[in-house]
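Participant: This structure is in structure tokens; I'll ask about it shortly.
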Amino acid sequence: MTRVLVTGAEGFVGRRLVPLLLEGGATVVACHGPGTAPLDPRTVTPPAARCDWAELDIRDRGAVEQILGEHAPDAVVHLAGLSDVGASWRRIDDYYRVNVEGTEFVAAAARTLPEPCRLIVASSAEVYGRVPETELPTGEDRPLRPRSPYAMTKALVERLTLDGGAIAVRSFNLIGPGQSAQFALPSFASQLAEIEAGRKEPVLRVGNLTSRRDFVHVDDGADAYAVLVERGEPGSAYNIARGEAIELAAALGRLIEISGVTTEVLEDPDRLRPADVPVLCGDASRLRALGWRPRRGFDQALEAIWEDARAALAGPVGPLQGE
């Protein structure tokens with residue numbers, strides 16, 4: 001691919017994907033949401049001479065059509081969206097407008113370009129819903145059974161785009177530094193850092209710790225997107241997964257060990273989600289067949305999350321948006 005447009009380029013995955021694409025020789029149009037900071041060109045390697053920066057509100061059909069028409073990309077990686085499962089129960093209208101209508105606008109604009117445009121859209125493993133233990137790890141051919149408003153929006157995104165030749169990326173739990181403290185592991189790390197600094201009583205408040213998740217380092221997730229830009233099969237869905245599920249209680253225990261902080265762990269009813277999926281574990285054989293492999297370990301991600309939380313106390317960092 002010679003020219004790739006990335007929405008949500010300032011987000012958790014996007015800020016890692018843009019440098020990867022540049023390193024691979026692509027010219028990149030990095031689109032950031034309104035009111036969010038774009039990537040700092042000084043942090044991008046190689047230098048961002050082949051990167052254009054643009055503000056884009058994906059809820060604005062005209063703006064989406066204008067920017068895709070102006071840049072005429074060979075591929076669009078659509079990462080912009082709302083991704084907090086718990087918040088989706090309180091903001092159903094917002095999640096529909098951003099995740100569903102926003103994707104519809106991007107897909108429609110891509111179809112009107114004079115040359116074929118490859119479209120890669122961010123979906124989620126949450127679309128699978130509850131899967132029996134005997135049928136894990138979950139493959140892409142499994143029927144979708146979403147159990148939250150967030151998961152429903154992602155299932156709708158796939159219905160809107162797959163038949164038109166898009167590539168849907170079903171990420172399992174991407175983790176690493178820079179993730180919003182709205183998510184479990186960054187929240188735990190943030191609380192531990194506050195306890196270590198004496199800013200909080202030694203009580204760590206948690207939600208449901210019995211859930212088991214397939215955790216993937218976010219840098220491996222960005223690698224997967226870069227592979228799919230080049231080699232993904234149009235009209236197909238791909239899991240990003242390691243194929244092993246780790247209980248959240250065990251993940252928290254390991255994070256506490258890494259931090260060296262002594263604390264009480266207390267379940268907070270306000271942090272419990274309705275209809276939480278007990279276990280998510282994916283089969284990424286389809287992606288592995290394209291040459292992708294996870295190269296970073298779980299402890300490596302936890303150590304980075306911990307150091308990120310400690311650093312954040314010295315200088316507040318706003319939550320990243322997008323997938």
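Following the order of the structure tokens, first chain is A, next is B, and so on, with residues numbered from 1 inside each chain and ligands from 1 in the order they appear.
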Where in range 135-228 of chain A does DSSP assign helix (DSSP H, G or I), given as a count of residues only?

Facilitator: 41

Participant: Closest to Ala80 in chain A among A:Ser190, A:Thr112, A:Asn99, A:Gln66, using only C-alpha atoms?

Facilitator: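 The shortest atom-to-atom distance to Ala80 in chain A comes from A:Asn99.
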
Participant: Give me, please, the distance in Å between CA of His217 in chain A and CA of Gln182 in chain A, quoted to one decimal.

Facilitator: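 CA of Gln182 in chain A lies at a distance of 17.4 Å from CA of His217 in chain A.
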
Participant: With DSSP run on the backbone, what are the strand (DSSP E or B) residues within range 35-226 of chain A? I'd like them as JSON, numbers by chain.

Facilitator: {"A": [51, 52, 53, 54, 55, 75, 76, 77, 78, 118, 119, 120, 121, 122, 138, 167, 168, 169, 170, 171, 173, 174, 175, 203, 204, 205, 206, 212, 213, 215, 216, 217]}

Participant: List the neighbours of Arg147 in chain A out to 10 Å using only C-alpha atoms; skip same-chain residues closer than 5 positions along the sequence, and give me the result as a count of residues only.

Facilitator: 11

Participant: Leaving out range 252-255 of chain A and any residue of its chain fewer than 6 positions from it, which residues lie within 9 Å of it when counting only C-alpha atoms, given as an MDAnalysis selection string?

Facilitator: chainID A and resid 185 188:189 209 299 302:303 305:306

Participant: I want to know what sits within 12 Å of Val13 in chain A, based on only C-alpha atoms, with residues of the same chain fewer than 6 positions away left out; could you give that as a PyMOL selection string?

Facilitator: chain A and resi 6-7+19-20+39+77-81+83+122+171+173-180+216-226+320-323

Participant: In terms of the shortest atom-to-atom distance over only C-alpha atoms, which of A:Val279, A:Val206, A:Val229, A:Leu287 is closest to Glu267 in chain A?

Facilitator: A:Val206

Participant: For range 116-119 of chain A, please output as a ChimeraX atom specification all residues within 9 Å (counting only C-alpha atoms; exclusion window: fewer than 4 positions along the same chain).

Facilitator: /A:72-78,106-107,110-112,161,165-168,229,234
